[in-house]
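Data file: coords.cif. Format and content: mmCIF, C-alpha atoms.
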data_coords
loop_
_atom_site.group_PDB
_atom_site.id
_atom_site.type_symbol
_atom_site.label_atom_id
_atom_site.label_comp_id
_atom_site.auth_asym_id
_atom_site.auth_seq_id
_atom_site.Cartn_x
_atom_site.Cartn_y
_atom_site.Cartn_z
ATOM 1 C CA MET A 1 86.995 91.005 97.690
ATOM 2 C CA PRO A 2 86.252 94.752 97.616
ATOM 3 C CA ALA A 3 87.906 96.897 94.971
ATOM 4 C CA ILE A 4 88.306 100.565 94.084
ATOM 5 C CA ARG A 5 87.590 101.184 90.404
ATOM 6 C CA HIS A 6 87.865 104.537 88.637
ATOM 7 C CA ARG A 7 87.524 105.399 84.950
ATOM 8 C CA VAL A 8 89.046 108.635 83.664
ATOM 9 C CA GLU A 9 89.359 109.936 80.086
ATOM 10 C CA ILE A 10 92.507 111.822 79.176
ATOM 11 C CA SER A 11 93.052 113.900 76.039
ATOM 12 C CA ALA A 12 96.557 112.584 75.329
ATOM 13 C CA PRO A 13 98.136 109.827 73.221
ATOM 14 C CA ILE A 14 98.189 106.395 74.845
ATOM 15 C CA GLU A 15 102.029 106.282 74.710
ATOM 16 C CA LYS A 16 102.282 109.370 76.889
ATOM 17 C CA VAL A 17 99.737 108.058 79.396
ATOM 18 C CA TYR A 18 101.638 104.763 79.510
ATOM 19 C CA ASP A 19 104.950 106.518 80.210
ATOM 20 C CA ALA A 20 103.311 108.503 83.024
ATOM 21 C CA VAL A 21 102.117 105.361 84.822
ATOM 22 C CA ALA A 22 104.973 103.007 83.901
ATOM 23 C CA THR A 23 108.072 105.022 84.790
ATOM 24 C CA PRO A 24 109.288 106.408 88.145
ATOM 25 C CA GLN A 25 109.849 109.783 86.469
ATOM 26 C CA GLY A 26 106.296 109.857 85.146
ATOM 27 C CA ILE A 27 104.691 108.719 88.409
ATOM 28 C CA SER A 28 106.591 111.369 90.374
ATOM 29 C CA GLU A 29 104.839 114.078 88.348
ATOM 30 C CA TRP A 30 101.303 113.106 89.416
ATOM 31 C CA TRP A 31 101.466 110.940 92.583
ATOM 32 C CA SER A 32 104.528 111.813 94.661
ATOM 33 C CA ARG A 33 107.153 114.316 93.705
ATOM 34 C CA ASP A 34 108.965 113.286 96.891
ATOM 35 C CA GLY A 35 110.329 110.304 95.045
ATOM 36 C CA VAL A 36 109.746 107.021 93.343
ATOM 37 C CA ARG A 37 112.754 104.704 93.465
ATOM 38 C CA GLY A 38 113.335 101.524 91.516
ATOM 39 C CA GLU A 39 113.641 100.211 88.027
ATOM 40 C CA SER A 40 110.762 100.071 85.592
ATOM 41 C CA LYS A 41 110.740 96.367 84.650
ATOM 42 C CA GLU A 42 108.611 93.343 85.469
ATOM 43 C CA GLY A 43 109.658 91.683 88.734
ATOM 44 C CA SER A 44 111.354 94.852 89.974
ATOM 45 C CA ARG A 45 110.162 96.759 93.041
ATOM 46 C CA LEU A 46 109.185 100.421 93.194
ATOM 47 C CA GLU A 47 109.356 102.378 96.457
ATOM 48 C CA PHE A 48 107.064 105.380 96.868
ATOM 49 C CA PHE A 49 108.026 108.138 99.287
ATOM 50 C CA PHE A 50 105.672 110.692 100.848
ATOM 51 C CA GLY A 51 107.803 112.881 103.106
ATOM 52 C CA GLU A 52 109.089 110.115 105.388
ATOM 53 C CA PRO A 53 112.451 108.322 105.403
ATOM 54 C CA GLU A 54 110.653 104.997 104.857
ATOM 55 C CA PRO A 55 108.592 104.397 101.726
ATOM 56 C CA ALA A 56 104.835 104.661 102.279
ATOM 57 C CA ALA A 57 104.348 101.880 99.747
ATOM 58 C CA VAL A 58 106.452 99.233 98.014
ATOM 59 C CA MET A 59 105.062 97.674 94.842
ATOM 60 C CA GLU A 60 106.317 94.723 92.855
ATOM 61 C CA ILE A 61 105.774 95.341 89.145
ATOM 62 C CA THR A 62 103.825 92.319 87.942
ATOM 63 C CA ARG A 63 103.051 93.521 84.430
ATOM 64 C CA LEU A 64 104.344 96.157 82.051
ATOM 65 C CA SER A 65 102.647 95.858 78.698
ATOM 66 C CA PRO A 66 103.601 98.912 76.637
ATOM 67 C CA ASP A 67 100.664 101.147 75.723
ATOM 68 C CA ARG A 68 98.222 98.634 77.278
ATOM 69 C CA ASP A 69 98.504 98.071 81.009
ATOM 70 C CA VAL A 70 100.618 98.257 84.135
ATOM 71 C CA SER A 71 100.079 96.096 87.232
ATOM 72 C CA TRP A 72 101.586 96.193 90.683
ATOM 73 C CA SER A 73 101.306 93.962 93.713
ATOM 74 C CA CYS A 74 101.705 95.786 97.018
ATOM 75 C CA VAL A 75 104.409 94.152 99.151
ATOM 76 C CA GLY A 76 105.123 96.912 101.677
ATOM 77 C CA GLY A 77 103.424 99.868 103.332
ATOM 78 C CA ALA A 78 100.128 100.231 105.175
ATOM 79 C CA ASP A 79 98.889 96.901 106.561
ATOM 80 C CA GLU A 80 95.640 97.169 104.617
ATOM 81 C CA TRP A 81 97.543 97.672 101.350
ATOM 82 C CA ILE A 82 99.801 94.649 101.590
ATOM 83 C CA GLY A 83 98.514 91.931 99.283
ATOM 84 C CA THR A 84 96.342 94.301 97.283
ATOM 85 C CA THR A 85 96.828 94.595 93.518
ATOM 86 C CA LEU A 86 96.719 97.695 91.346
ATOM 87 C CA THR A 87 96.168 97.930 87.610
ATOM 88 C CA PHE A 88 96.162 100.778 85.120
ATOM 89 C CA ASP A 89 94.406 99.507 82.018
ATOM 90 C CA LEU A 90 94.696 101.804 78.976
ATOM 91 C CA THR A 91 92.640 101.927 75.796
ATOM 92 C CA GLN A 92 92.545 104.424 72.965
ATOM 93 C CA ALA A 93 89.137 105.870 72.078
ATOM 94 C CA ASP A 94 89.135 108.470 69.302
ATOM 95 C CA GLU A 95 91.467 111.271 70.406
ATOM 96 C CA LYS A 96 91.396 110.137 74.024
ATOM 97 C CA THR A 97 92.975 107.549 76.242
ATOM 98 C CA VAL A 98 90.677 105.815 78.714
ATOM 99 C CA VAL A 99 92.319 104.836 81.999
ATOM 100 C CA MET A 100 90.568 102.085 83.944
ATOM 101 C CA PHE A 101 92.221 102.008 87.342
ATOM 102 C CA THR A 102 91.610 99.148 89.752
ATOM 103 C CA HIS A 103 92.939 98.748 93.294
ATOM 104 C CA ALA A 104 91.634 95.290 94.175
ATOM 105 C CA ASP A 105 91.858 92.535 96.769
ATOM 106 C CA TRP A 106 91.170 94.602 99.868
ATOM 107 C CA ASN A 107 90.270 92.510 102.912
ATOM 108 C CA SER A 108 87.265 94.647 103.813
ATOM 109 C CA PRO A 109 85.485 97.845 102.746
ATOM 110 C CA SER A 110 87.052 99.880 105.573
ATOM 111 C CA GLU A 111 86.985 103.617 106.183
ATOM 112 C CA PHE A 112 90.648 103.677 105.123
ATOM 113 C CA MET A 113 89.708 102.040 101.817
ATOM 114 C CA ALA A 114 87.053 104.769 101.314
ATOM 115 C CA HIS A 115 89.725 107.389 102.032
ATOM 116 C CA CYS A 116 92.060 105.778 99.491
ATOM 117 C CA SER A 117 89.243 105.628 96.936
ATOM 118 C CA ALA A 118 88.747 109.396 97.047
ATOM 119 C CA ARG A 119 92.535 109.933 97.100
ATOM 120 C CA TRP A 120 93.046 107.733 93.999
ATOM 121 C CA ALA A 121 90.378 109.667 92.103
ATOM 122 C CA TYR A 122 92.151 112.881 93.063
ATOM 123 C CA PHE A 123 95.529 111.586 91.855
ATOM 124 C CA LEU A 124 94.060 110.220 88.613
ATOM 125 C CA LEU A 125 92.771 113.729 87.955
ATOM 126 C CA SER A 126 96.312 114.905 88.728
ATOM 127 C CA LEU A 127 97.523 112.457 86.035
ATOM 128 C CA LYS A 128 94.918 113.877 83.640
ATOM 129 C CA SER A 129 95.983 117.431 84.417
ATOM 130 C CA LEU A 130 99.670 116.553 83.968
ATOM 131 C CA LEU A 131 99.039 115.125 80.501
ATOM 132 C CA GLU A 132 96.618 117.808 79.340
ATOM 133 C CA THR A 133 98.221 120.919 80.843
ATOM 134 C CA GLY A 134 101.769 119.839 81.769
ATOM 135 C CA MET A 135 101.081 120.294 85.484
ATOM 136 C CA GLY A 136 99.935 117.640 87.951
ATOM 137 C CA THR A 137 99.225 117.973 91.675
ATOM 138 C CA PRO A 138 101.446 115.274 93.202
ATOM 139 C CA PHE A 139 102.401 115.129 96.888
ATOM 140 C CA PRO A 140 103.384 117.474 98.536
ATOM 141 C CA GLU A 141 101.396 119.949 96.378
ATOM 142 C CA ASP A 142 98.263 117.815 96.694
ATOM 143 C CA LEU A 143 95.039 118.904 98.364
ATOM 144 C CA LYS A 144 94.856 117.286 101.818
ATOM 145 C CA PHE A 145 91.580 115.620 102.702
ATOM 146 C CA MET B 1 76.853 93.815 95.609
ATOM 147 C CA PRO B 2 79.535 96.272 94.484
ATOM 148 C CA ALA B 3 79.643 99.713 96.070
ATOM 149 C CA ILE B 4 81.418 103.016 95.628
ATOM 150 C CA ARG B 5 82.740 104.327 98.952
ATOM 151 C CA HIS B 6 84.558 107.623 99.461
ATOM 152 C CA ARG B 7 85.702 109.312 102.662
ATOM 153 C CA VAL B 8 86.367 113.059 102.629
ATOM 154 C CA GLU B 9 87.205 115.418 105.516
ATOM 155 C CA ILE B 10 85.743 118.903 105.416
ATOM 156 C CA SER B 11 86.768 121.836 107.601
ATOM 157 C CA ALA B 12 83.217 123.006 108.339
ATOM 158 C CA PRO B 13 80.607 122.479 111.056
ATOM 159 C CA ILE B 14 78.486 119.361 110.670
ATOM 160 C CA GLU B 15 75.266 121.437 110.444
ATOM 161 C CA LYS B 16 76.549 123.214 107.346
ATOM 162 C CA VAL B 17 77.657 119.966 105.707
ATOM 163 C CA TYR B 18 74.252 118.459 106.497
ATOM 164 C CA ASP B 19 72.414 121.397 104.899
ATOM 165 C CA ALA B 20 74.567 121.078 101.783
ATOM 166 C CA VAL B 21 73.635 117.405 101.268
ATOM 167 C CA ALA B 22 70.059 117.494 102.631
ATOM 168 C CA THR B 23 68.517 120.449 100.787
ATOM 169 C CA PRO B 24 67.944 121.071 97.059
ATOM 170 C CA GLN B 25 69.514 124.516 97.449
ATOM 171 C CA GLY B 26 72.635 123.043 99.054
ATOM 172 C CA ILE B 27 72.981 120.205 96.532
ATOM 173 C CA SER B 28 72.680 122.628 93.604
ATOM 174 C CA GLU B 29 75.842 124.389 94.789
ATOM 175 C CA TRP B 30 78.123 121.338 94.471
ATOM 176 C CA TRP B 31 76.441 118.726 92.209
ATOM 177 C CA SER B 32 74.173 120.391 89.655
ATOM 178 C CA ARG B 33 73.498 124.079 89.445
ATOM 179 C CA ASP B 34 71.108 123.222 86.603
ATOM 180 C CA GLY B 35 68.505 122.303 89.159
ATOM 181 C CA VAL B 36 67.367 120.046 91.933
ATOM 182 C CA ARG B 37 63.580 119.915 92.269
ATOM 183 C CA GLY B 38 61.550 118.445 95.097
ATOM 184 C CA GLU B 39 60.941 118.780 98.764
ATOM 185 C CA SER B 40 63.483 117.898 101.411
ATOM 186 C CA LYS B 41 61.567 115.365 103.524
ATOM 187 C CA GLU B 42 61.553 111.616 103.979
ATOM 188 C CA GLY B 43 59.426 109.851 101.372
ATOM 189 C CA SER B 44 59.652 112.780 98.962
ATOM 190 C CA ARG B 45 61.372 112.562 95.590
ATOM 191 C CA LEU B 46 64.187 114.757 94.329
ATOM 192 C CA GLU B 47 64.789 115.264 90.596
ATOM 193 C CA PHE B 48 68.301 116.142 89.456
ATOM 194 C CA PHE B 49 68.788 117.971 86.161
ATOM 195 C CA PHE B 50 71.978 118.091 84.108
ATOM 196 C CA GLY B 51 71.180 120.190 81.063
ATOM 197 C CA GLU B 52 68.371 118.035 79.672
ATOM 198 C CA PRO B 53 64.592 118.532 79.916
ATOM 199 C CA GLU B 54 64.298 115.178 81.721
ATOM 200 C CA PRO B 55 65.985 114.628 85.078
ATOM 201 C CA ALA B 56 69.186 112.570 84.871
ATOM 202 C CA ALA B 57 68.317 111.005 88.214
ATOM 203 C CA VAL B 58 65.298 110.729 90.497
ATOM 204 C CA MET B 59 65.912 109.837 94.133
ATOM 205 C CA GLU B 60 63.454 108.945 96.852
ATOM 206 C CA ILE B 61 64.623 110.357 100.172
ATOM 207 C CA THR B 62 64.669 107.366 102.517
ATOM 208 C CA ARG B 63 66.338 109.019 105.486
ATOM 209 C CA LEU B 64 66.985 112.560 106.709
ATOM 210 C CA SER B 65 68.568 112.491 110.129
ATOM 211 C CA PRO B 66 69.685 116.045 110.936
ATOM 212 C CA ASP B 67 73.441 116.420 111.346
ATOM 213 C CA ARG B 68 73.908 112.634 110.980
ATOM 214 C CA ASP B 69 72.979 111.119 107.650
ATOM 215 C CA VAL B 70 71.007 111.377 104.439
ATOM 216 C CA SER B 71 69.947 108.403 102.307
ATOM 217 C CA TRP B 72 68.393 108.163 98.881
ATOM 218 C CA SER B 73 67.070 105.302 96.820
ATOM 219 C CA CYS B 74 67.400 105.817 93.069
ATOM 220 C CA VAL B 75 64.040 105.355 91.344
ATOM 221 C CA GLY B 76 64.724 107.020 87.979
ATOM 222 C CA GLY B 77 67.590 107.784 85.629
ATOM 223 C CA ALA B 78 70.339 105.615 84.122
ATOM 224 C CA ASP B 79 69.380 101.925 84.059
ATOM 225 C CA GLU B 80 72.410 100.981 86.127
ATOM 226 C CA TRP B 81 71.450 103.516 88.824
ATOM 227 C CA ILE B 82 67.873 102.362 89.368
ATOM 228 C CA GLY B 83 67.662 100.353 92.579
ATOM 229 C CA THR B 84 70.991 101.617 93.885
ATOM 230 C CA THR B 85 71.140 103.373 97.264
ATOM 231 C CA LEU B 86 73.165 106.406 98.277
ATOM 232 C CA THR B 87 74.150 107.519 101.762
ATOM 233 C CA PHE B 88 75.988 110.517 103.135
ATOM 234 C CA ASP B 89 77.049 109.613 106.666
ATOM 235 C CA LEU B 90 78.401 112.537 108.709
ATOM 236 C CA THR B 91 80.507 112.554 111.870
ATOM 237 C CA GLN B 92 82.248 115.359 113.691
ATOM 238 C CA ALA B 93 85.960 114.870 114.401
ATOM 239 C CA ASP B 94 87.704 117.770 116.126
ATOM 240 C CA GLU B 95 87.200 120.834 113.907
ATOM 241 C CA LYS B 96 86.261 118.722 110.910
ATOM 242 C CA THR B 97 83.286 116.878 109.532
ATOM 243 C CA VAL B 98 83.964 113.465 108.051
ATOM 244 C CA VAL B 99 81.733 112.525 105.119
ATOM 245 C CA MET B 100 81.445 108.818 104.407
ATOM 246 C CA PHE B 101 79.692 108.532 101.071
ATOM 247 C CA THR B 102 78.356 105.213 99.819
ATOM 248 C CA HIS B 103 76.673 104.451 96.494
ATOM 249 C CA ALA B 104 75.747 100.800 96.970
ATOM 250 C CA ASP B 105 73.775 97.950 95.423
ATOM 251 C CA TRP B 106 75.154 98.124 91.893
ATOM 252 C CA ASN B 107 74.424 95.026 89.849
ATOM 253 C CA SER B 108 77.983 94.681 88.602
ATOM 254 C CA PRO B 109 81.338 96.501 88.738
ATOM 255 C CA SER B 110 80.880 97.965 85.253
ATOM 256 C CA GLU B 111 82.939 100.577 83.423
ATOM 257 C CA PHE B 112 80.058 103.017 84.016
ATOM 258 C CA MET B 113 80.269 102.345 87.752
ATOM 259 C CA ALA B 114 84.026 103.122 87.595
ATOM 260 C CA HIS B 115 83.195 106.358 85.763
ATOM 261 C CA CYS B 116 80.644 107.284 88.441
ATOM 262 C CA SER B 117 83.159 106.458 91.183
ATOM 263 C CA ALA B 118 85.640 109.013 89.876
ATOM 264 C CA ARG B 119 82.795 111.508 89.253
ATOM 265 C CA TRP B 120 81.487 111.155 92.828
ATOM 266 C CA ALA B 121 84.953 111.778 94.252
ATOM 267 C CA TYR B 122 85.169 114.901 92.089
ATOM 268 C CA PHE B 123 81.777 116.187 93.292
ATOM 269 C CA LEU B 124 82.576 115.403 96.952
ATOM 270 C CA LEU B 125 85.663 117.588 96.523
ATOM 271 C CA SER B 126 83.309 120.196 95.039
ATOM 272 C CA LEU B 127 81.222 119.893 98.257
ATOM 273 C CA LYS B 128 84.416 120.342 100.295
ATOM 274 C CA SER B 129 85.426 123.375 98.277
ATOM 275 C CA LEU B 130 81.933 124.889 98.604
ATOM 276 C CA LEU B 131 82.027 124.613 102.385
ATOM 277 C CA GLU B 132 85.630 125.692 102.834
ATOM 278 C CA THR B 133 85.876 128.452 100.223
ATOM 279 C CA GLY B 134 82.256 129.287 99.344
ATOM 280 C CA MET B 135 82.685 128.015 95.779
ATOM 281 C CA GLY B 136 81.928 124.530 94.488
ATOM 282 C CA THR B 137 82.291 123.151 90.962
ATOM 283 C CA PRO B 138 78.788 121.813 90.189
ATOM 284 C CA PHE B 139 77.541 121.004 86.690
ATOM 285 C CA PRO B 140 77.869 122.794 84.270
ATOM 286 C CA GLU B 141 81.092 124.299 85.663
ATOM 287 C CA ASP B 142 82.479 120.824 86.415
ATOM 288 C CA LEU B 143 85.560 119.305 84.806
ATOM 289 C CA LYS B 144 84.470 116.832 82.127
ATOM 290 C CA PHE B 145 86.137 113.421 82.200
#
Rendering of file as structure tokens:
Amino acid sequence: MPAIRHRVEISAPIEKVYDAVATPQGISEWWSRDGVRGESKEGSRLEFFFGEPEPAAVMEITRLSPDRDVSWSCVGGADEWIGTTLTFDLTQADEKTVVMFTHADWNSPSEFMAHCSARWAYFLLSLKSLLETGMGTPFPEDLKF
Amino acid sequence: MPAIRHRVEISAPIEKVYDAVATPQGISEWWSRDGVRGESKEGSRLEFFFGEPEPAAVMEITRLSPDRDVSWSCVGGADEWIGTTLTFDLTQADEKTVVMFTHADWNSPSEFMAHCSARWAYFLLSLKSLLETGMGTPFPEDLKF
């Protein structure tokens, strides 16, 4: 099945990158400042808000392996997202942390998937900026495209 | 075979977006200011330079359809790029031009492909910025990651 895969290097310790992708507080600083609700533990659900009363996405946390990887399974939101899986895989390389991001198990390589691919790259660069400069570009401060 | 697909909307007329992806002068303003050599016509080859005496990529232009699409076949450069195909597919939607970018026919979904996926999204946003603000972020002014 088609997948979005992005690799980004971040000049920050792996523990800080992990916290930014594993905790609602961290995620809100690079993906949506509008709110991430839920508890950071395996089996728990996270709700992601983007300016609407209903969450734009609901993810079940399927894996939280400290300083290694975080996985979600999408259980609510856009039809095309439901059933997809997302993974942030972290490795330390010299002074950097390498993030391998995968959003897999799409039904088809649709135009919406291509939109999400560019959007994910943008938000991963927001994550990089947050960790390297202290300032991300989460929704609603994000560039619209 | 695996493919990178990104969709980006640009607030600019389709003719200007076409010129920016179809001509060496245009491409040098958003991908590599270091130099794009070759003639813009079907069957011709374009060489893309990124700070080295040898081109980092050589593309054969397989299609130039004014204000519609541009396709390249990679014939030189990184091993993983050779044999891949790239397409910029343009459509007008209201006041915007939608760019559907595809870099297809990779042998495998490698870490290098994931790197290139994030890099392409970055450079497509450079294309957007060029057309909307007059200023792109081509190599060597690009963010390194």
Can you tell me which residues surround segment 38-55 of chain B at a distance of at most 8 Å, considering all atoms listed in the file, apart from same-chain residues fewer than 6 positions away, and format the answer as a VMD selection string? chain B and resid 22 to 24 32 61 to 64 77 139 to 140
For a quick check of understanding, using all atoms listed in the file, which of B:Ser129, B:Trp72, B:Trp81, B:Ala121 has the smallest distance to Ser108 of chain B?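 Of B:Ser129, B:Trp72, B:Trp81, B:Ala121, the one nearest Ser108 of chain B, counting all atoms listed in the file, is B:Trp81.
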Only residues of chain B matter here; which ones have an atom within 12 Å of chain A, counting only C-alpha atoms? Give them as a ChimeraX atom specification. /B:1-11,89,96-104,108-126,128-129,132,143-145
Restricting it to C-alpha atoms, dump the selection as a CSV table (one decimal), keeping the file's coordinate frame.
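Output file part_27.csv is given in full below:
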chain,number,residue,atom,x,y,z
B,1,MET,CA,76.9,93.8,95.6
B,2,PRO,CA,79.5,96.3,94.5
B,3,ALA,CA,79.6,99.7,96.1
B,4,ILE,CA,81.4,103.0,95.6
B,5,ARG,CA,82.7,104.3,99.0
B,6,HIS,CA,84.6,107.6,99.5
B,7,ARG,CA,85.7,109.3,102.7
B,8,VAL,CA,86.4,113.1,102.6
B,9,GLU,CA,87.2,115.4,105.5
B,10,ILE,CA,85.7,118.9,105.4
B,11,SER,CA,86.8,121.8,107.6
B,89,ASP,CA,77.0,109.6,106.7
B,96,LYS,CA,86.3,118.7,110.9
B,97,THR,CA,83.3,116.9,109.5
B,98,VAL,CA,84.0,113.5,108.1
B,99,VAL,CA,81.7,112.5,105.1
B,100,MET,CA,81.4,108.8,104.4
B,101,PHE,CA,79.7,108.5,101.1
B,102,THR,CA,78.4,105.2,99.8
B,103,HIS,CA,76.7,104.5,96.5
B,104,ALA,CA,75.7,100.8,97.0
B,108,SER,CA,78.0,94.7,88.6
B,109,PRO,CA,81.3,96.5,88.7
B,110,SER,CA,80.9,98.0,85.3
B,111,GLU,CA,82.9,100.6,83.4
B,112,PHE,CA,80.1,103.0,84.0
B,113,MET,CA,80.3,102.3,87.8
B,114,ALA,CA,84.0,103.1,87.6
B,115,HIS,CA,83.2,106.4,85.8
B,116,CYS,CA,80.6,107.3,88.4
B,117,SER,CA,83.2,106.5,91.2
B,118,ALA,CA,85.6,109.0,89.9
B,119,ARG,CA,82.8,111.5,89.3
B,120,TRP,CA,81.5,111.2,92.8
B,121,ALA,CA,85.0,111.8,94.3
B,122,TYR,CA,85.2,114.9,92.1
B,123,PHE,CA,81.8,116.2,93.3
B,124,LEU,CA,82.6,115.4,97.0
B,125,LEU,CA,85.7,117.6,96.5
B,126,SER,CA,83.3,120.2,95.0
B,128,LYS,CA,84.4,120.3,100.3
B,129,SER,CA,85.4,123.4,98.3
B,132,GLU,CA,85.6,125.7,102.8
B,143,LEU,CA,85.6,119.3,84.8
B,144,LYS,CA,84.5,116.8,82.1
B,145,PHE,CA,86.1,113.4,82.2
What does the distance from atom CA of Gln92 of chain A to atom CA of Tyr18 of chain A come to in Å, to one decimal?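 These two atoms are separated by 11.2 Å.
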Quick one: of B:Leu90, B:Gly134, B:Cys74, B:Arg37, who's nearest to Asp105 of chain B, counting all atoms listed in the file? B:Cys74
Residue with smallest distance to Ser71 of chain A - pool A:Ala57, A:Val21, A:Ala93, A:Ile27, counting all atoms listed in the file: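 Ranked by minimum distance to Ser71 of chain A, first place goes to A:Val21.
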Give the centre and edge lengths of an axis-aligned box, in Å to one decimal, that holds all listed atoms of segment 95-114 of chain B with 5 Å on each side, as lines of an AutoDock Vina configuration file.
center_x = 80.5
center_y = 107.8
center_z = 98.7
size_x = 23.4
size_y = 36.2
size_z = 40.5
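Rounded to one decimal, atom CA of Val17 of chain A and atom CA of Gly136 of chain A lie 12.8 Å from each other.
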So the first atom is atom CA of Pro66 of chain A and the second is atom CA of Asp94 of chain A; what is the distance between them in Å, to one decimal place?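 Straight-line distance from atom CA of Pro66 of chain A to atom CA of Asp94 of chain A works out to 18.8 Å.
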Just checking: using only C-alpha atoms, which residue out of B:Pro138, B:Arg68, B:Glu60, B:Glu95 ends up closest to Gly35 of chain B?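 Ranked by minimum distance to Gly35 of chain B, first place goes to B:Pro138.
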If we count only C-alpha atoms, what is near Asp19 of chain B at a cut-off of 12 Å, once residues fewer than 6 positions away on the same chain are taken out, given as number ranges by chain? B: 12-13, 25-30, 40, 64-70, 88, 90, 127, 130-131
Residues from the last selection, C-alpha atoms, saved as a compact mmCIF listing (two decimals), keeping the file's coordinate frame:
# COMPACT_ATOMS: atom_id res chain seq x y z
CA ALA B 12 83.22 123.01 108.34
CA PRO B 13 80.61 122.48 111.06
CA GLN B 25 69.51 124.52 97.45
CA GLY B 26 72.64 123.04 99.05
CA ILE B 27 72.98 120.20 96.53
CA SER B 28 72.68 122.63 93.60
CA GLU B 29 75.84 124.39 94.79
CA TRP B 30 78.12 121.34 94.47
CA SER B 40 63.48 117.90 101.41
CA LEU B 64 66.98 112.56 106.71
CA SER B 65 68.57 112.49 110.13
CA PRO B 66 69.68 116.04 110.94
CA ASP B 67 73.44 116.42 111.35
CA ARG B 68 73.91 112.63 110.98
CA ASP B 69 72.98 111.12 107.65
CA VAL B 70 71.01 111.38 104.44
CA PHE B 88 75.99 110.52 103.14
CA LEU B 90 78.40 112.54 108.71
CA LEU B 127 81.22 119.89 98.26
CA LEU B 130 81.93 124.89 98.60
CA LEU B 131 82.03 124.61 102.38
